[in-house]
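What follows is the content of final05.txt (compact mmCIF, C-alpha atoms (C1' of nucleotides)).
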```
# COMPACT_ATOMS: atom_id res chain seq x y z
CA MET B 1 64.33 -7.88 -106.24
CA ARG B 2 63.47 -4.34 -105.47
CA GLN B 3 64.93 -2.33 -102.65
CA THR B 4 61.83 -1.61 -100.61
CA ALA B 5 58.44 -0.87 -102.10
CA ASP B 6 58.35 1.61 -104.94
CA ILE B 7 59.53 5.12 -104.27
CA ALA B 8 58.93 6.23 -100.71
CA PRO B 9 56.61 9.20 -100.97
CA VAL B 10 56.91 11.96 -98.42
CA LEU B 11 54.50 14.70 -97.53
CA LYS B 12 55.97 17.88 -96.16
CA LEU B 13 53.52 18.88 -93.51
CA GLU B 14 54.78 22.45 -93.43
CA ALA B 15 53.82 22.79 -97.09
CA PHE B 16 50.44 21.13 -96.78
CA LEU B 17 47.69 23.67 -97.14
CA PRO B 18 45.13 22.35 -94.65
CA TYR B 19 47.84 22.18 -92.03
CA ARG B 20 49.32 25.59 -92.72
CA LEU B 21 45.93 27.20 -92.84
CA LEU B 22 44.71 25.75 -89.57
CA ARG B 23 47.95 26.41 -87.80
CA ALA B 24 48.00 30.05 -88.87
CA ALA B 25 44.33 30.49 -88.08
CA GLU B 26 44.61 28.98 -84.64
CA GLU B 27 47.59 31.06 -83.74
CA VAL B 28 45.98 34.29 -84.87
CA SER B 29 42.76 33.39 -83.09
CA ARG B 30 44.58 32.50 -79.93
CA ARG B 31 46.23 35.87 -79.94
CA PHE B 32 43.04 37.73 -80.50
CA ALA B 33 41.27 35.60 -77.92
CA ARG B 34 43.56 36.93 -75.22
CA HIS B 35 41.89 40.30 -75.58
CA TYR B 36 38.31 39.26 -74.97
CA LYS B 37 39.28 36.53 -72.57
CA ASP B 38 41.36 38.80 -70.40
CA ARG B 39 38.83 41.55 -70.53
CA HIS B 40 35.62 39.69 -69.77
CA GLY B 41 36.35 36.00 -69.52
CA MET B 42 34.40 35.43 -72.70
CA THR B 43 34.67 32.38 -74.89
CA ARG B 44 34.96 32.43 -78.65
CA PRO B 45 31.35 31.45 -79.28
CA GLU B 46 30.24 34.20 -76.94
CA TRP B 47 32.40 36.75 -78.66
CA ARG B 48 31.15 35.71 -82.07
CA THR B 49 27.57 35.81 -80.97
CA LEU B 50 28.03 39.24 -79.47
CA ALA B 51 29.72 40.38 -82.66
CA THR B 52 26.93 39.06 -84.83
CA ILE B 53 24.13 40.61 -82.85
CA GLY B 54 26.08 43.84 -82.61
CA GLN B 55 26.48 43.88 -86.35
CA TYR B 56 22.98 42.93 -87.42
CA GLY B 57 20.84 44.34 -84.64
CA THR B 58 17.92 42.16 -83.65
CA VAL B 59 18.33 38.64 -84.94
CA THR B 60 17.21 35.11 -84.25
CA ALA B 61 19.52 32.37 -83.04
CA LYS B 62 19.25 30.76 -86.42
CA ALA B 63 20.47 33.93 -88.08
CA VAL B 64 23.42 33.98 -85.72
CA VAL B 65 24.23 30.43 -86.77
CA GLU B 66 24.19 31.42 -90.41
CA HIS B 67 26.20 34.58 -90.06
CA SER B 68 28.80 33.30 -87.66
CA SER B 69 29.29 29.77 -89.05
CA MET B 70 28.91 28.24 -85.65
CA HIS B 71 27.16 25.05 -84.71
CA LYS B 72 23.71 25.66 -83.34
CA THR B 73 24.52 24.15 -79.97
CA LYS B 74 27.41 26.55 -79.62
CA VAL B 75 25.12 29.44 -80.37
CA SER B 76 22.48 28.15 -78.01
CA ARG B 77 24.97 27.98 -75.18
CA ALA B 78 26.58 31.29 -76.02
CA VAL B 79 23.21 33.01 -76.04
CA ARG B 80 22.41 31.66 -72.62
CA ALA B 81 25.78 32.81 -71.31
CA LEU B 82 25.32 36.31 -72.69
CA GLU B 83 21.83 36.39 -71.30
CA LEU B 84 23.10 35.48 -67.84
CA ARG B 85 25.57 38.31 -68.14
CA ARG B 86 22.61 40.54 -68.98
CA TRP B 87 24.18 41.55 -72.27
CA LEU B 88 21.22 40.45 -74.31
CA ILE B 89 17.54 39.74 -73.96
CA ARG B 90 15.30 37.36 -75.84
CA THR B 91 11.78 38.06 -76.94
CA THR B 92 9.58 35.37 -78.33
CA ASP B 93 8.05 36.21 -81.69
CA GLU B 94 4.32 36.81 -81.42
CA ASN B 95 3.42 35.28 -84.74
CA ASP B 96 5.73 32.29 -84.53
CA ARG B 97 6.41 31.29 -80.99
CA ARG B 98 9.29 29.02 -81.90
CA ILE B 99 11.38 32.03 -82.79
CA GLU B 100 13.28 34.19 -80.34
CA HIS B 101 14.56 37.61 -81.22
CA LEU B 102 17.86 38.49 -79.64
CA GLN B 103 19.04 41.97 -78.95
CA LEU B 104 21.76 43.57 -76.92
CA THR B 105 21.07 45.43 -73.73
CA ALA B 106 22.76 48.73 -73.04
CA ALA B 107 25.50 46.90 -71.17
CA GLY B 108 25.85 44.47 -74.04
CA ARG B 109 26.16 47.31 -76.48
CA ARG B 110 28.85 48.89 -74.35
CA ALA B 111 30.81 45.66 -74.23
CA TYR B 112 30.36 45.29 -77.95
CA ASN B 113 31.65 48.75 -78.68
CA GLU B 114 34.63 48.18 -76.52
CA LEU B 115 35.46 44.91 -78.22
CA VAL B 116 34.97 46.34 -81.67
CA ALA B 117 37.58 48.94 -80.90
CA ILE B 118 39.95 46.24 -79.73
CA ALA B 119 39.24 44.11 -82.77
CA GLU B 120 39.95 46.94 -85.12
CA ILE B 121 43.21 47.73 -83.46
CA PHE B 122 44.12 44.07 -83.63
CA GLN B 123 43.30 43.87 -87.29
CA ARG B 124 45.19 47.01 -88.14
CA ASP B 125 48.16 45.85 -86.17
CA LEU B 126 48.15 42.45 -87.81
CA THR B 127 47.88 43.69 -91.38
CA GLY B 128 50.51 46.27 -90.50
CA ARG B 129 52.91 43.57 -89.44
CA LEU B 130 52.14 41.46 -92.47
CA GLY B 131 52.75 44.35 -94.79
CA GLY B 132 50.48 45.69 -97.48
CA GLU B 133 51.36 43.21 -100.16
CA ALA B 134 51.02 40.14 -97.97
CA ALA B 135 47.79 41.43 -96.47
CA ARG B 136 46.30 41.91 -99.91
CA ALA B 137 47.51 38.49 -100.98
CA LEU B 138 45.95 36.91 -97.92
CA ASP B 139 42.70 38.70 -98.56
CA LEU B 140 42.69 37.46 -102.13
CA GLY B 141 43.52 33.89 -101.14
CA LEU B 142 40.90 33.77 -98.44
CA GLY B 143 38.36 35.21 -100.81
CA ALA B 144 39.08 32.40 -103.22
CA ILE B 145 38.60 29.82 -100.51
CA GLU B 146 35.37 31.40 -99.40
CA ARG B 147 34.07 31.23 -102.93
CA THR B 148 35.42 27.80 -103.71
CA VAL B 149 34.80 25.91 -100.53
CA GLN B 150 31.31 26.74 -99.48
CA PRO B 151 30.57 25.71 -95.92
CA SER B 152 29.31 22.19 -95.61
CA ARG B 153 26.15 22.62 -93.64
CA ARG B 154 26.25 20.90 -90.32
CA PRO B 155 22.92 19.47 -89.19
CA MET S 1 21.97 66.34 -75.81
CA ARG S 2 23.41 63.80 -78.10
CA GLN S 3 21.48 61.12 -79.90
CA THR S 4 22.93 58.02 -78.30
CA ALA S 5 26.59 57.68 -77.44
CA ASP S 6 29.06 58.80 -80.05
CA ILE S 7 29.09 57.10 -83.41
CA ALA S 8 27.98 53.47 -83.23
CA PRO S 9 30.93 51.46 -84.42
CA VAL S 10 30.31 48.25 -86.29
CA LEU S 11 32.62 45.36 -86.98
CA LYS S 12 31.93 43.36 -90.08
CA LEU S 13 32.66 39.85 -88.98
CA GLU S 14 33.00 38.60 -92.54
CA ALA S 15 35.85 41.04 -93.06
CA PHE S 16 37.60 40.31 -89.78
CA LEU S 17 40.79 38.42 -90.39
CA PRO S 18 40.85 36.05 -87.41
CA TYR S 19 37.31 35.03 -88.21
CA ARG S 20 37.84 34.56 -91.93
CA LEU S 21 41.03 32.68 -91.40
CA LEU S 22 39.62 30.26 -88.87
CA ARG S 23 36.47 29.72 -90.81
CA ALA S 24 38.34 28.93 -94.01
CA ALA S 25 40.83 26.73 -92.20
CA GLU S 26 38.17 24.75 -90.40
CA GLU S 27 36.20 24.15 -93.53
CA VAL S 28 39.23 23.00 -95.48
CA SER S 29 40.34 20.79 -92.62
CA ARG S 30 36.91 19.31 -92.23
CA ARG S 31 36.92 18.36 -95.87
CA PHE S 32 40.30 16.81 -95.74
CA ALA S 33 39.42 15.03 -92.50
CA ARG S 34 36.72 13.09 -94.28
CA HIS S 35 39.40 11.22 -96.16
CA TYR S 36 41.35 9.88 -93.22
CA LYS S 37 38.31 9.56 -91.03
CA ASP S 38 36.39 7.53 -93.56
CA ARG S 39 39.37 5.44 -94.43
CA HIS S 40 40.66 4.50 -90.99
CA GLY S 41 38.63 6.27 -88.36
CA MET S 42 41.62 8.38 -87.51
CA THR S 43 41.49 11.66 -85.64
CA ARG S 44 43.36 14.77 -86.62
CA PRO S 45 46.05 14.42 -83.96
CA GLU S 46 46.61 10.85 -85.09
CA TRP S 47 46.89 11.85 -88.70
CA ARG S 48 49.31 14.63 -87.89
CA THR S 49 51.42 12.38 -85.76
CA LEU S 50 51.52 9.77 -88.47
CA ALA S 51 52.44 12.43 -91.00
CA THR S 52 55.23 13.78 -88.83
CA ILE S 53 56.82 10.43 -88.11
CA GLY S 54 56.43 9.47 -91.75
CA GLN S 55 58.21 12.62 -92.79
CA TYR S 56 61.05 12.62 -90.31
CA GLY S 57 61.63 8.94 -89.66
CA THR S 58 62.46 8.08 -86.08
CA VAL S 59 61.55 10.89 -83.74
CA THR S 60 60.69 11.56 -80.13
CA ALA S 61 57.29 12.70 -78.94
CA LYS S 62 58.76 16.07 -78.21
CA ALA S 63 59.94 16.37 -81.79
CA VAL S 64 56.44 15.54 -82.96
CA VAL S 65 55.11 18.32 -80.77
CA GLU S 66 57.52 20.77 -82.30
CA HIS S 67 57.01 19.79 -85.90
CA SER S 68 53.26 19.40 -85.80
CA SER S 69 52.34 22.31 -83.52
CA MET S 70 50.18 20.14 -81.36
CA HIS S 71 49.78 20.20 -77.62
CA LYS S 72 51.83 17.55 -75.93
CA THR S 73 48.82 15.82 -74.43
CA LYS S 74 47.36 15.49 -77.88
CA VAL S 75 50.55 13.93 -79.12
CA SER S 76 50.75 11.64 -76.14
CA ARG S 77 47.25 10.35 -76.80
CA ALA S 78 47.74 10.08 -80.52
CA VAL S 79 50.90 8.09 -80.05
CA ARG S 80 49.12 5.65 -77.82
CA ALA S 81 46.31 5.28 -80.33
CA LEU S 82 48.72 4.63 -83.19
CA GLU S 83 50.59 2.18 -81.03
CA LEU S 84 47.39 0.27 -80.29
CA ARG S 85 46.77 0.12 -84.02
CA ARG S 86 50.26 -1.32 -84.36
CA TRP S 87 51.28 1.45 -86.69
CA LEU S 88 54.21 2.54 -84.60
CA ILE S 89 56.48 1.24 -81.91
CA ARG S 90 58.31 3.02 -79.14
CA THR S 91 61.80 2.29 -77.98
CA THR S 92 63.21 3.85 -74.89
CA ASP S 93 66.48 5.59 -75.42
CA GLU S 94 69.33 3.70 -73.77
CA ASN S 95 71.28 6.74 -72.72
CA ASP S 96 68.35 8.81 -71.57
CA ARG S 97 65.47 6.72 -70.37
CA ARG S 98 63.03 9.63 -70.36
CA ILE S 99 63.06 9.69 -74.13
CA GLU S 100 61.12 7.38 -76.39
CA HIS S 101 61.94 6.95 -80.05
CA LEU S 102 58.93 6.50 -82.26
CA GLN S 103 58.98 4.77 -85.59
CA LEU S 104 56.41 3.41 -87.97
CA THR S 105 55.85 -0.29 -88.42
CA ALA S 106 55.45 -1.75 -91.88
CA ALA S 107 51.69 -1.41 -91.53
CA GLY S 108 52.10 2.16 -90.34
CA ARG S 109 54.27 2.93 -93.32
CA ARG S 110 51.68 1.49 -95.65
CA ALA S 111 48.93 3.59 -94.10
CA TYR S 112 51.18 6.61 -94.32
CA ASN S 113 51.91 6.08 -97.99
CA GLU S 114 48.27 5.69 -98.70
CA LEU S 115 47.38 8.86 -96.88
CA VAL S 116 50.17 10.83 -98.48
CA ALA S 117 48.75 9.97 -101.86
CA ILE S 118 45.33 11.12 -100.75
CA ALA S 119 46.76 14.30 -99.27
CA GLU S 120 48.56 15.15 -102.45
CA ILE S 121 45.48 14.66 -104.52
CA PHE S 122 43.55 16.81 -102.10
CA GLN S 123 46.11 19.56 -102.25
CA ARG S 124 46.31 19.49 -106.04
CA ASP S 125 42.57 19.52 -106.30
CA LEU S 126 42.22 22.41 -103.89
CA THR S 127 44.84 24.60 -105.49
CA GLY S 128 43.34 23.69 -108.83
CA ARG S 129 39.95 24.94 -107.73
CA LEU S 130 41.41 28.07 -106.25
CA GLY S 131 43.29 28.85 -109.40
CA GLY S 132 46.98 29.56 -109.82
CA GLU S 133 46.88 33.19 -108.88
CA ALA S 134 44.81 32.72 -105.76
CA ALA S 135 46.88 29.73 -104.70
CA ARG S 136 50.06 31.75 -105.00
CA ALA S 137 48.49 34.63 -103.11
CA LEU S 138 47.39 32.31 -100.34
CA ASP S 139 50.84 30.83 -100.12
CA LEU S 140 52.34 34.27 -99.87
CA GLY S 141 49.86 35.41 -97.24
CA LEU S 142 50.31 32.33 -95.13
CA GLY S 143 54.05 32.64 -95.39
CA ALA S 144 53.80 36.15 -94.02
CA ILE S 145 51.71 34.98 -91.10
CA GLU S 146 54.12 32.18 -90.37
CA ARG S 147 56.98 34.62 -90.27
CA THR S 148 55.13 37.33 -88.38
CA VAL S 149 53.14 35.40 -85.85
CA GLN S 150 55.49 32.89 -84.37
CA PRO S 151 53.69 30.21 -82.41
CA SER S 152 53.19 31.10 -78.78
CA ARG S 153 54.61 28.09 -77.03
CA ARG S 154 52.05 26.24 -75.03
CA PRO S 155 53.40 24.72 -71.80
C1' DG I 1 -9.66 18.82 -88.92
C1' DT I 2 -6.63 15.37 -87.91
C1' DT I 3 -2.30 13.42 -89.15
C1' DT I 4 2.33 14.09 -90.73
C1' DA I 5 6.51 16.64 -91.70
C1' DT I 6 9.39 20.53 -90.82
C1' DT I 7 11.44 24.06 -88.16
C1' DG I 8 13.61 26.76 -84.07
C1' DG I 9 15.82 25.87 -80.22
C1' DT I 10 17.46 22.93 -76.13
C1' DT I 11 19.78 19.14 -73.86
C1' DA I 12 21.77 14.35 -72.57
C1' DC I 13 25.53 11.99 -73.63
C1' DA I 14 30.01 10.67 -75.24
C1' DG I 15 34.31 12.14 -76.97
C1' DA I 16 38.03 15.58 -77.37
C1' DT I 17 40.63 19.22 -75.30
C1' DG I 18 43.94 22.02 -72.20
C1' DT I 19 45.56 22.94 -67.48
C1' DA I 20 47.88 21.56 -63.88
C1' DA I 21 49.85 18.29 -61.37
C1' DC I 22 52.38 14.24 -61.46
C1' DG I 23 56.32 10.38 -61.65
C1' DA I 24 60.52 9.25 -63.48
C1' DT I 25 64.92 10.42 -65.07
C1' DC I 26 68.77 13.19 -65.88
C1' DG I 27 72.20 17.14 -65.16
C1' DA I 28 74.17 20.65 -62.31
C1' DT I 29 75.49 22.32 -57.85
C1' DT I 30 77.22 21.78 -53.72
C1' DA O 1 76.55 11.62 -52.93
C1' DA O 2 72.69 14.43 -51.71
C1' DT O 3 69.99 18.14 -53.33
C1' DC O 4 67.97 21.10 -56.58
C1' DG O 5 66.10 22.08 -60.92
C1' DA O 6 64.89 20.97 -65.48
C1' DT O 7 63.05 17.76 -68.92
C1' DC O 8 60.16 13.93 -71.13
C1' DG O 9 56.08 12.04 -71.07
C1' DT O 10 51.49 10.69 -68.75
C1' DT O 11 47.15 11.47 -66.48
C1' DA O 12 43.11 13.41 -63.43
C1' DC O 13 40.04 16.78 -63.85
C1' DA O 14 37.12 20.29 -65.61
C1' DT O 15 35.55 22.27 -69.72
C1' DC O 16 34.13 22.41 -74.46
C1' DT O 17 32.39 20.16 -78.42
C1' DG O 18 29.20 17.71 -81.83
C1' DT O 19 25.71 14.06 -82.47
C1' DA O 20 21.47 12.63 -81.80
C1' DA O 21 17.46 12.83 -79.63
C1' DC O 22 14.22 15.76 -77.95
C1' DC O 23 10.11 19.37 -77.15
C1' DA O 24 7.25 22.80 -78.79
C1' DA O 25 5.19 25.15 -82.44
C1' DT O 26 3.99 25.74 -87.18
C1' DA O 27 3.05 24.27 -91.94
C1' DA O 28 1.65 20.78 -95.27
C1' DA O 29 -0.97 16.84 -96.67
C1' DC O 30 -4.74 14.31 -96.63
```
Would you give me this structure, written as structure tokens?
Amino acid sequence: MRQTADIAPVLKLEAFLPYRLLRAAEEVSRRFARHYKDRHGMTRPEWRTLATIGQYGTVTAKAVVEHSSMHKTKVSRAVRALELRRWLIRTTDENDRRIEHLQLTAAGRRAYNELVAIAEIFQRDLTGRLGGEAARALDLGLGAIERTVQPSRRP
Amino acid sequence: MRQTADIAPVLKLEAFLPYRLLRAAEEVSRRFARHYKDRHGMTRPEWRTLATIGQYGTVTAKAVVEHSSMHKTKVSRAVRALELRRWLIRTTDENDRRIEHLQLTAAGRRAYNELVAIAEIFQRDLTGRLGGEAARALDLGLGAIERTVQPSRRP
DNA sequence: GTTTATTGGTTACAGATGTAACGATCGATT
DNA sequence: AATCGATCGTTACATCTGTAACCAATAAAC
């Protein structure tokens, strides 16, 4: 008779990539979130939407979805929130009235600029703490993931 | 008079570390989640709790919180779910009746073993796709984050 | 030119989450 | 031994999320 089953397999969670990755990502995001949350009470979808429009200029909601890898309902709600804040305006396309073009107002642009400055400081600070070698390694590793694991489109 | 304000600063979202990290982590997690979701309809907190108890043997809920970096309400709910599935049992500590010791049942252990096998295949497959160099770089980068950005304890 | 399919965007609903408050228990202080 | 504070775990509530269904508008098929 055997002892138990075969050999008891064990998974070390702290060495399991999906776990480590998500844990690190969430912690870093939580830290960065403090900045835009404290400053303007923004949520992550709002911040990402602001960032995307700030980066690309006038875009549609669909373009925001594609560039920010957010679910379309998140974008839809974030757009409304930013609109209520008067940080962006929508204009319906004249040729295709399903489409709305989104662009920042002056106030939105100001908020964007402010947050970009904060983001850059955050990034510099983080890579500084990590150290050059680790920062480069992380960049390389993330690049590989981005190439390997293309986003599974969500409906 | 100046053109607009000063120089219009732009943040490239796709080069912003918190964004890249979270995006990569979520995609990898989503892929791995398919396995345990399809197989047993488990949620991520349930899978993590199972993994933690499987790894450490008999533990308290608090220990699960610490080892799995999950919020205590998540753990509390996951424990109940696993208990309803009859994959674990709780025993109140005799000396300190606030504490509950959690351990897997035979069925829980079987499910754990099964999922460990799947997890290991997933990990091997992922690192395989990434390639040795990128996998090592990722490991190094994540290690640096883990050392640098210690988890901000959540209440 | 009408029907059908597709697309951009919104929303109702159900499920998951964190915050804050809670009950129960224990230890320390007096 | 009565009180205070801390700890373990649960839960009520509000918020956030994704799924699926939806509306409106366009494009494709016939």
For chain B versus chain I, which residues have an atom no more than 12 Å away, and what is each residue's nearest atom pair and distance in Å rounded to one decimal, using all atoms listed in the file, chain-then-number order, as a tab-separated table?
```
residue	atom	partner	partner_atom	distance
B:Thr60	CA	I:DG8	C1'	9.1
B:Ala61	CA	I:DG9	C1'	8.0
B:Lys62	CA	I:DG8	C1'	7.3
B:Ala63	CA	I:DG8	C1'	10.7
B:Val65	CA	I:DG8	C1'	11.6
B:Lys72	CA	I:DG9	C1'	8.5
B:Thr73	CA	I:DT10	C1'	8.1
B:Lys74	CA	I:DT10	C1'	11.1
B:Val75	CA	I:DG9	C1'	10.0
B:Ser76	CA	I:DG9	C1'	7.4
B:Arg77	CA	I:DT10	C1'	9.1
B:Val79	CA	I:DG9	C1'	11.1
B:Arg80	CA	I:DT10	C1'	10.6
B:Thr92	CA	I:DG8	C1'	11.1
B:Asp93	CA	I:DG8	C1'	11.2
B:Asp96	CA	I:DG8	C1'	9.6
B:Arg97	CA	I:DG8	C1'	9.0
B:Arg98	CA	I:DG8	C1'	5.3
B:Ile99	CA	I:DG8	C1'	5.9
B:Glu100	CA	I:DG8	C1'	8.3
B:His101	CA	I:DG8	C1'	11.3
```
With all atoms listed in the file as the basis for distance, which of O:DT3, O:DT15, O:DT26, O:DT10 is at the shortest distance from chain S?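 Of O:DT3, O:DT15, O:DT26, O:DT10, the one nearest chain S is O:DT10, counting all atoms listed in the file.
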Dump as a Markdown table the rows for residues of chain O within 9 Å of chain B: closest atom pair and distance in Å with one decimal, all atoms listed in the file counted, ordered by chain and rising residue number.
```
| residue | atom | partner | partner_atom | distance |
| --- | --- | --- | --- | --- |
| O:DT17 | C1' | B:Lys74 | CA | 8.2 |
| O:DG18 | C1' | B:His71 | CA | 8.1 |
| O:DA24 | C1' | B:Arg98 | CA | 7.2 |
| O:DA25 | C1' | B:Arg98 | CA | 5.7 |
| O:DT26 | C1' | B:Asp96 | CA | 7.3 |
```
Once chain S has been least-squares superposed onto chain B, matching all their Cα atoms in order, can you return it as a compact mmCIF listing (two decimals) with C-alpha atoms, in the frame of the given file?
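So the final result, stored in selection-v3.txt, reads:
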```txt
# COMPACT_ATOMS: atom_id res chain seq x y z
CA MET S 1 64.04 -7.89 -106.24
CA ARG S 2 63.29 -4.34 -105.47
CA GLN S 3 64.73 -2.37 -102.61
CA THR S 4 61.62 -1.70 -100.57
CA ALA S 5 58.29 -0.89 -102.14
CA ASP S 6 58.29 1.61 -104.95
CA ILE S 7 59.49 5.12 -104.30
CA ALA S 8 58.88 6.24 -100.71
CA PRO S 9 56.59 9.21 -100.97
CA VAL S 10 56.90 11.97 -98.42
CA LEU S 11 54.49 14.71 -97.51
CA LYS S 12 55.97 17.88 -96.16
CA LEU S 13 53.53 18.87 -93.50
CA GLU S 14 54.77 22.45 -93.42
CA ALA S 15 53.83 22.79 -97.07
CA PHE S 16 50.44 21.12 -96.76
CA LEU S 17 47.69 23.66 -97.12
CA PRO S 18 45.13 22.37 -94.62
CA TYR S 19 47.84 22.18 -92.01
CA ARG S 20 49.32 25.60 -92.70
CA LEU S 21 45.95 27.21 -92.83
CA LEU S 22 44.72 25.76 -89.57
CA ARG S 23 47.95 26.41 -87.80
CA ALA S 24 48.02 30.05 -88.86
CA ALA S 25 44.35 30.52 -88.08
CA GLU S 26 44.61 28.99 -84.64
CA GLU S 27 47.59 31.07 -83.72
CA VAL S 28 45.98 34.29 -84.87
CA SER S 29 42.75 33.41 -83.10
CA ARG S 30 44.56 32.51 -79.93
CA ARG S 31 46.21 35.89 -79.93
CA PHE S 32 43.03 37.75 -80.51
CA ALA S 33 41.25 35.62 -77.91
CA ARG S 34 43.54 36.96 -75.23
CA HIS S 35 41.88 40.33 -75.59
CA TYR S 36 38.30 39.29 -74.97
CA LYS S 37 39.25 36.54 -72.58
CA ASP S 38 41.34 38.82 -70.41
CA ARG S 39 38.82 41.58 -70.54
CA HIS S 40 35.61 39.71 -69.78
CA GLY S 41 36.33 36.02 -69.54
CA MET S 42 34.40 35.46 -72.71
CA THR S 43 34.68 32.39 -74.90
CA ARG S 44 34.97 32.44 -78.65
CA PRO S 45 31.36 31.45 -79.30
CA GLU S 46 30.24 34.21 -76.96
CA TRP S 47 32.39 36.77 -78.67
CA ARG S 48 31.16 35.72 -82.08
CA THR S 49 27.58 35.82 -80.98
CA LEU S 50 28.03 39.24 -79.50
CA ALA S 51 29.72 40.40 -82.68
CA THR S 52 26.93 39.05 -84.86
CA ILE S 53 24.11 40.60 -82.88
CA GLY S 54 26.06 43.84 -82.65
CA GLN S 55 26.46 43.88 -86.39
CA TYR S 56 22.97 42.93 -87.44
CA GLY S 57 20.82 44.31 -84.65
CA THR S 58 17.90 42.12 -83.67
CA VAL S 59 18.33 38.60 -84.95
CA THR S 60 17.23 35.06 -84.26
CA ALA S 61 19.54 32.32 -83.06
CA LYS S 62 19.28 30.72 -86.44
CA ALA S 63 20.48 33.91 -88.08
CA VAL S 64 23.44 33.95 -85.72
CA VAL S 65 24.26 30.41 -86.78
CA GLU S 66 24.20 31.40 -90.40
CA HIS S 67 26.20 34.58 -90.08
CA SER S 68 28.81 33.29 -87.68
CA SER S 69 29.32 29.78 -89.04
CA MET S 70 28.94 28.23 -85.65
CA HIS S 71 27.20 25.04 -84.70
CA LYS S 72 23.76 25.65 -83.34
CA THR S 73 24.55 24.12 -79.96
CA LYS S 74 27.42 26.52 -79.61
CA VAL S 75 25.14 29.42 -80.37
CA SER S 76 22.50 28.14 -78.01
CA ARG S 77 25.01 27.98 -75.18
CA ALA S 78 26.60 31.29 -76.00
CA VAL S 79 23.24 32.98 -76.04
CA ARG S 80 22.44 31.65 -72.62
CA ALA S 81 25.79 32.81 -71.30
CA LEU S 82 25.32 36.31 -72.70
CA GLU S 83 21.83 36.38 -71.30
CA LEU S 84 23.11 35.48 -67.84
CA ARG S 85 25.58 38.34 -68.16
CA ARG S 86 22.62 40.56 -68.99
CA TRP S 87 24.16 41.54 -72.27
CA LEU S 88 21.22 40.43 -74.33
CA ILE S 89 17.56 39.69 -73.98
CA ARG S 90 15.32 37.31 -75.84
CA THR S 91 11.80 37.99 -76.94
CA THR S 92 9.62 35.30 -78.33
CA ASP S 93 8.10 36.13 -81.65
CA GLU S 94 4.36 36.72 -81.35
CA ASN S 95 3.45 35.19 -84.66
CA ASP S 96 5.77 32.23 -84.48
CA ARG S 97 6.49 31.16 -80.95
CA ARG S 98 9.39 28.91 -81.95
CA ILE S 99 11.46 31.94 -82.81
CA GLU S 100 13.31 34.12 -80.34
CA HIS S 101 14.55 37.57 -81.21
CA LEU S 102 17.86 38.46 -79.65
CA GLN S 103 19.02 41.96 -78.97
CA LEU S 104 21.75 43.57 -76.95
CA THR S 105 21.05 45.43 -73.75
CA ALA S 106 22.72 48.75 -73.07
CA ALA S 107 25.47 46.92 -71.20
CA GLY S 108 25.82 44.47 -74.06
CA ARG S 109 26.13 47.32 -76.50
CA ARG S 110 28.82 48.91 -74.40
CA ALA S 111 30.80 45.68 -74.25
CA TYR S 112 30.35 45.30 -77.98
CA ASN S 113 31.63 48.78 -78.72
CA GLU S 114 34.60 48.19 -76.54
CA LEU S 115 35.43 44.93 -78.23
CA VAL S 116 34.95 46.35 -81.70
CA ALA S 117 37.56 48.95 -80.93
CA ILE S 118 39.93 46.26 -79.74
CA ALA S 119 39.22 44.13 -82.78
CA GLU S 120 39.94 46.97 -85.13
CA ILE S 121 43.20 47.74 -83.46
CA PHE S 122 44.11 44.08 -83.63
CA GLN S 123 43.29 43.88 -87.30
CA ARG S 124 45.20 47.05 -88.14
CA ASP S 125 48.15 45.87 -86.16
CA LEU S 126 48.15 42.46 -87.79
CA THR S 127 47.88 43.71 -91.34
CA GLY S 128 50.51 46.28 -90.48
CA ARG S 129 52.90 43.56 -89.39
CA LEU S 130 52.15 41.47 -92.41
CA GLY S 131 52.77 44.34 -94.74
CA GLY S 132 50.50 45.71 -97.43
CA GLU S 133 51.39 43.25 -100.11
CA ALA S 134 51.05 40.18 -97.94
CA ALA S 135 47.81 41.46 -96.45
CA ARG S 136 46.34 41.95 -99.89
CA ALA S 137 47.54 38.52 -100.96
CA LEU S 138 45.98 36.94 -97.90
CA ASP S 139 42.73 38.71 -98.56
CA LEU S 140 42.74 37.48 -102.12
CA GLY S 141 43.57 33.92 -101.12
CA LEU S 142 40.93 33.80 -98.44
CA GLY S 143 38.39 35.24 -100.81
CA ALA S 144 39.11 32.43 -103.22
CA ILE S 145 38.64 29.84 -100.51
CA GLU S 146 35.40 31.42 -99.43
CA ARG S 147 34.10 31.27 -102.95
CA THR S 148 35.45 27.82 -103.73
CA VAL S 149 34.83 25.93 -100.54
CA GLN S 150 31.33 26.75 -99.50
CA PRO S 151 30.61 25.74 -95.94
CA SER S 152 29.31 22.21 -95.62
CA ARG S 153 26.17 22.71 -93.61
CA ARG S 154 26.30 21.00 -90.29
CA PRO S 155 22.95 19.59 -89.13
```
Would you mind telling me which residue in S:Leu84, S:Met70, S:Leu102, S:Met42 lies nearest to chain B when using all atoms listed in the file?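 For chain B, the nearest of the candidates is S:Met70.
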